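Trainee: Pasting a structure here, questions to come.
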Amino acid sequence: MIDDDLEELEEISDYNSIVDLKTENTLFSDSDFSSSDENYIITLPHLKLMTNLEYSQIPAVILDPKLNILWQNSSYKDLFLQEKRDLPINLVFDFSPYLTPEKLGIIYKNITDEKTGFSYKGRVESKHRKRSRIIANLILTPYFTQKIPNINIDIPPIYVGLFDNLTKENRDFFEGTFSTLLEASKLKDNDTGNHIKRIGEYSRVLAEQLFDKPAYYEVNTDFIENIFIFAPMHDVGKIGTPDYILTKPGYLTKEEWIIMKEHPKSGALILSAYQDPMAAHIANFHHEKWNGNGYPYGFSGLLIPLAARIVAIADVYDALRMKRSYKEPFTHKKAMEIITKDSGSHFDPDLIEIFVKINSEFDTIYKKLKDS
Ligand SMILES: [Fe+2]
Ligand SMILES: [Fe+2]
């Protein structure tokens, strides 16, 4: 912006004057506002808008028409757990890979179309290895400043992006749905409530050990949170297994076993409605074995989803520690021995290595959530 222009502008009413944000404003530091366009001009109304948004509880950004984030408020930074970063940065960066070129095209079409009031409303998701997935409703609305009389400067519109964070509601909804299923499945089994709680805890502890290990790229914060919720539902398919089989003392007949072995498939069917396939994977594959001798499919090795390989260890460990009608409870040491002996046959040997390293945590969980 040239100096002559500035002088002339200062004579116009305060409201419409253009200020150089970097020199005249103390609320925002240099790095708080940037532009992809060297000539991008910030007017006082823009500044007032930023001042209002800065302390809002609602995560908010100011965008240029190409969806570059020019400015972000504190709530937005908190939501994304951001370190300091240089702006502008395109919105795609924060919502990749969810914001595909197609979805961006739809947003762009809406915010440049008079018929939609130059606005957009829609759901966005953001994934990152080191934090939980964020699900939000994005509301984009244009912010036009008045054209400044007598001065031939075209001020491009900016857009205010507000994010209604739905992550918690979404999670609460699914946890609520699943807790009902869990209660229903407890009725069909002689496992205690604490057994299923412990399975979630063991699985989470194992998964946490895989975080940051390159071989386990799929283990991010979401994975760890989800396995904690879904592992307890591994036997939800037993809703479909007749009581006389579930409660039968002693050995099952060949026919009864065939029916019993259906429960993973039933569980997967029940849980398949959930958008994250992990829930169904755990139910479907928790009785598969590393060497292919498990059921219902006889899958082996890495064909068995990771979450199910983790839950298999957790489930067997806990079953060994529990008192059952047909057995006394084993000590932690004995359970450890039995599980490590089955490394490479029943269980994934790499996971058993990690299990051995942190085995005392399993004992701690068992004792903490012991059946009374
Ligand atoms: Fe099972
Ligand atoms: Fe179980």
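Starting from 1 in every chain, residues are counted up; chains themselves are A, B, ... following the order of the structure tokens, and ligands are numbered from 1 as listed.
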Out of range 182-254 of chain A, which residues get helix (DSSP H, G or I) from DSSP, as a PyMOL selection string?

Mentor: chain A and resi 182-187+193-210+214-216+221-233+236-240+243-246+254

Trainee: Keeping only C-alpha atoms, write the selected residues as a PDB file, in the first residue's frame.

Mentor:
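Now in selection_39.pdb:
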ATOM      1  CA  LEU A 182     -22.818 -53.828  26.755  1.00  0.00           C
ATOM      2  CA  GLU A 183     -25.453 -54.126  29.471  1.00  0.00           C
ATOM      3  CA  ALA A 184     -27.492 -56.387  27.219  1.00  0.00           C
ATOM      4  CA  SER A 185     -24.530 -58.614  26.476  1.00  0.00           C
ATOM      5  CA  LYS A 186     -23.630 -58.886  30.178  1.00  0.00           C
ATOM      6  CA  LEU A 187     -27.000 -60.512  30.762  1.00  0.00           C
ATOM      7  CA  GLY A 193     -18.822 -56.301  34.733  1.00  0.00           C
ATOM      8  CA  ASN A 194     -15.256 -55.913  35.839  1.00  0.00           C
ATOM      9  CA  HIS A 195     -13.974 -58.416  33.269  1.00  0.00           C
ATOM     10  CA  ILE A 196     -15.089 -56.191  30.430  1.00  0.00           C
ATOM     11  CA  LYS A 197     -13.758 -53.062  32.137  1.00  0.00           C
ATOM     12  CA  ARG A 198     -10.362 -54.686  32.575  1.00  0.00           C
ATOM     13  CA  ILE A 199     -10.238 -55.745  28.900  1.00  0.00           C
ATOM     14  CA  GLY A 200     -10.551 -52.081  27.911  1.00  0.00           C
ATOM     15  CA  GLU A 201      -7.758 -51.093  30.296  1.00  0.00           C
ATOM     16  CA  TYR A 202      -5.298 -53.826  29.250  1.00  0.00           C
ATOM     17  CA  SER A 203      -5.924 -53.109  25.567  1.00  0.00           C
ATOM     18  CA  ARG A 204      -5.310 -49.407  26.015  1.00  0.00           C
ATOM     19  CA  VAL A 205      -2.065 -49.990  27.911  1.00  0.00           C
ATOM     20  CA  LEU A 206      -0.779 -52.284  25.145  1.00  0.00           C
ATOM     21  CA  ALA A 207      -1.851 -49.884  22.396  1.00  0.00           C
ATOM     22  CA  GLU A 208      -0.102 -46.982  24.129  1.00  0.00           C
ATOM     23  CA  GLN A 209       3.166 -48.862  23.824  1.00  0.00           C
ATOM     24  CA  LEU A 210       2.759 -48.956  20.038  1.00  0.00           C
ATOM     25  CA  PRO A 214       6.886 -46.756  12.865  1.00  0.00           C
ATOM     26  CA  ALA A 215       5.631 -50.314  12.301  1.00  0.00           C
ATOM     27  CA  TYR A 216       2.335 -49.339  13.932  1.00  0.00           C
ATOM     28  CA  THR A 221      -4.687 -41.057  19.735  1.00  0.00           C
ATOM     29  CA  ASP A 222      -8.023 -42.116  18.226  1.00  0.00           C
ATOM     30  CA  PHE A 223      -6.917 -45.736  18.049  1.00  0.00           C
ATOM     31  CA  ILE A 224      -5.960 -45.726  21.726  1.00  0.00           C
ATOM     32  CA  GLU A 225      -9.206 -44.061  22.833  1.00  0.00           C
ATOM     33  CA  ASN A 226     -11.325 -46.302  20.636  1.00  0.00           C
ATOM     34  CA  ILE A 227      -9.777 -49.596  21.688  1.00  0.00           C
ATOM     35  CA  PHE A 228     -10.548 -48.639  25.278  1.00  0.00           C
ATOM     36  CA  ILE A 229     -14.222 -48.226  24.357  1.00  0.00           C
ATOM     37  CA  PHE A 230     -14.586 -51.102  21.898  1.00  0.00           C
ATOM     38  CA  ALA A 231     -12.487 -53.869  23.474  1.00  0.00           C
ATOM     39  CA  PRO A 232     -15.087 -54.460  26.227  1.00  0.00           C
ATOM     40  CA  MET A 233     -17.615 -55.252  23.495  1.00  0.00           C
ATOM     41  CA  VAL A 236     -21.476 -58.575  22.373  1.00  0.00           C
ATOM     42  CA  GLY A 237     -22.422 -61.204  19.745  1.00  0.00           C
ATOM     43  CA  LYS A 238     -23.242 -63.615  22.569  1.00  0.00           C
ATOM     44  CA  ILE A 239     -26.639 -61.915  22.631  1.00  0.00           C
ATOM     45  CA  GLY A 240     -27.386 -64.379  19.863  1.00  0.00           C
ATOM     46  CA  ASP A 243     -28.431 -69.417  27.393  1.00  0.00           C
ATOM     47  CA  TYR A 244     -28.195 -73.167  27.795  1.00  0.00           C
ATOM     48  CA  ILE A 245     -24.900 -73.085  25.856  1.00  0.00           C
ATOM     49  CA  LEU A 246     -23.469 -70.050  27.643  1.00  0.00           C
ATOM     50  CA  LYS A 254     -19.606 -80.498  18.810  1.00  0.00           C
TER      51      LYS A 254
END

Trainee: Counting only C-alpha atoms and all ligand atoms, which protein, DNA or RNA residues come within 12 Å of ligand 1, given as a PyMOL selection string?

Mentor: chain A and resi 185+189+191+196+199+231-239+241+246+260-268+282-288+294-296+308+311-312+314-316+319

Trainee: With a distance cut-off of 12 Å and only C-alpha atoms, select the neighbouring residues of Leu49 in chain A, excluding the residue or stretch itself and same-chain residues fewer than 3 positions from it, and output the selection as a list of chain:residue names.

Mentor: A:Ile42, A:Thr43, A:Leu44, A:Pro45, A:His46, A:Asn52, A:Leu53, A:Glu54, A:Tyr55, A:Ser56, A:Ala60, A:Val61, A:Ile62, A:Trp71, A:Gln72, A:Asn73, A:Tyr143, A:Phe144, A:Thr145, A:Ile158, A:Tyr159, A:Val160

Trainee: What does the structure give for the distance between CA of Leu104 in chain A and CA of Ile89 in chain A, in Å to one decimal?

Mentor: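 Distance between the two atoms: 14.7 Å.
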
Trainee: Rounded to one decimal, what separation in Å do you get between CA of Glu125 in chain A and CA of Asn165 in chain A?

Mentor: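 Pair CA of Glu125 in chain A / CA of Asn165 in chain A returns 9.8 Å.
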
Trainee: Compile the contact shell of Val124 in chain A as a PyMOL selection string: residues with an atom at most 8 Å away, counting only C-alpha atoms, same-chain residues fewer than 3 positions apart removed.

Mentor: chain A and resi 95+98-99+135-138

Trainee: Just the selected residues (N, CA and C atoms), exported as a PDB file, in the first residue's frame, please.

Mentor:
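The resulting out-v6.pdb:
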ATOM      1  N   PHE A  95      -7.688 -29.711   7.921  1.00  0.00           N
ATOM      2  CA  PHE A  95      -8.753 -30.713   7.784  1.00  0.00           C
ATOM      3  C   PHE A  95      -8.438 -31.778   6.742  1.00  0.00           C
ATOM      4  N   TYR A  98      -9.747 -35.042   5.213  1.00  0.00           N
ATOM      5  CA  TYR A  98     -11.197 -34.965   5.088  1.00  0.00           C
ATOM      6  C   TYR A  98     -11.638 -33.995   3.983  1.00  0.00           C
ATOM      7  N   LEU A  99     -10.971 -32.844   3.923  1.00  0.00           N
ATOM      8  CA  LEU A  99     -11.344 -31.862   2.897  1.00  0.00           C
ATOM      9  C   LEU A  99     -10.708 -32.239   1.560  1.00  0.00           C
ATOM     10  N   ILE A 135     -14.512 -33.434  15.244  1.00  0.00           N
ATOM     11  CA  ILE A 135     -15.660 -33.379  14.334  1.00  0.00           C
ATOM     12  C   ILE A 135     -16.366 -32.058  14.629  1.00  0.00           C
ATOM     13  N   ALA A 136     -16.624 -31.284  13.586  1.00  0.00           N
ATOM     14  CA  ALA A 136     -17.239 -29.975  13.839  1.00  0.00           C
ATOM     15  C   ALA A 136     -18.154 -29.570  12.694  1.00  0.00           C
ATOM     16  N   ASN A 137     -19.098 -28.738  13.025  1.00  0.00           N
ATOM     17  CA  ASN A 137     -19.883 -28.080  11.991  1.00  0.00           C
ATOM     18  C   ASN A 137     -19.190 -26.774  11.673  1.00  0.00           C
ATOM     19  N   LEU A 138     -18.905 -26.571  10.412  1.00  0.00           N
ATOM     20  CA  LEU A 138     -18.245 -25.330  10.003  1.00  0.00           C
ATOM     21  C   LEU A 138     -19.283 -24.389   9.404  1.00  0.00           C
TER      22      LEU A 138
END

Trainee: Write out as a PyMOL selection string each polymer residue whose atoms come within 7 Å of Pro59 in chain A, counting only C-alpha atoms; drop sequence neighbours fewer than 5 positions from it.

Mentor: chain A and resi 73+75-76+162-163

Trainee: Set the distance at 8 Å and use only C-alpha atoms: which residues neighbour Arg309 in chain A once local chain neighbours fewer than 4 positions away are removed? I'd like the list as a PDB file with N, CA and C atoms, in the first residue's frame.

Mentor:
ATOM      1  N   PHE A 285     -12.776 -60.798  15.098  1.00  0.00           N
ATOM      2  CA  PHE A 285     -11.494 -61.518  15.010  1.00  0.00           C
ATOM      3  C   PHE A 285     -10.821 -61.807  16.350  1.00  0.00           C
ATOM      4  N   HIS A 286     -11.520 -61.599  17.479  1.00  0.00           N
ATOM      5  CA  HIS A 286     -10.792 -61.772  18.747  1.00  0.00           C
ATOM      6  C   HIS A 286     -10.493 -63.227  19.084  1.00  0.00           C
ATOM      7  N   ILE A 304      -5.093 -60.650  10.569  1.00  0.00           N
ATOM      8  CA  ILE A 304      -5.971 -60.355  11.714  1.00  0.00           C
ATOM      9  C   ILE A 304      -5.739 -58.889  12.089  1.00  0.00           C
ATOM     10  N   PRO A 305      -6.795 -58.083  12.129  1.00  0.00           N
ATOM     11  CA  PRO A 305      -6.594 -56.657  12.448  1.00  0.00           C
ATOM     12  C   PRO A 305      -5.882 -56.461  13.792  1.00  0.00           C
ATOM     13  N   ILE A 313      -4.974 -60.967  23.436  1.00  0.00           N
ATOM     14  CA  ILE A 313      -4.056 -61.117  24.577  1.00  0.00           C
ATOM     15  C   ILE A 313      -4.756 -60.694  25.872  1.00  0.00           C
ATOM     16  N   PHE A 347      -0.679 -66.090  19.792  1.00  0.00           N
ATOM     17  CA  PHE A 347      -0.572 -64.619  19.811  1.00  0.00           C
ATOM     18  C   PHE A 347       0.526 -64.075  18.898  1.00  0.00           C
ATOM     19  N   ASP A 348       0.328 -62.820  18.499  1.00  0.00           N
ATOM     20  CA  ASP A 348       1.318 -62.080  17.702  1.00  0.00           C
ATOM     21  C   ASP A 348       2.614 -61.953  18.524  1.00  0.00           C
TER      22      ASP A 348
END

Trainee: Go through A:Ala280, A:Leu320, A:Leu140, A:Ile106 and flag the residue nearest ligand 2, using only C-alpha atoms and all ligand atoms for the distances.

Mentor: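 Result for the nearest residue to ligand 2: A:Leu320.
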
Trainee: Which residue is closest to Pro65 in chain A? Choose from A:Pro349, A:Pro97, A:Gly122, A:Gly161 and count only C-alpha atoms.

Mentor: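 Going through A:Pro349, A:Pro97, A:Gly122, A:Gly161 one by one, the smallest distance to Pro65 in chain A is for A:Gly161.
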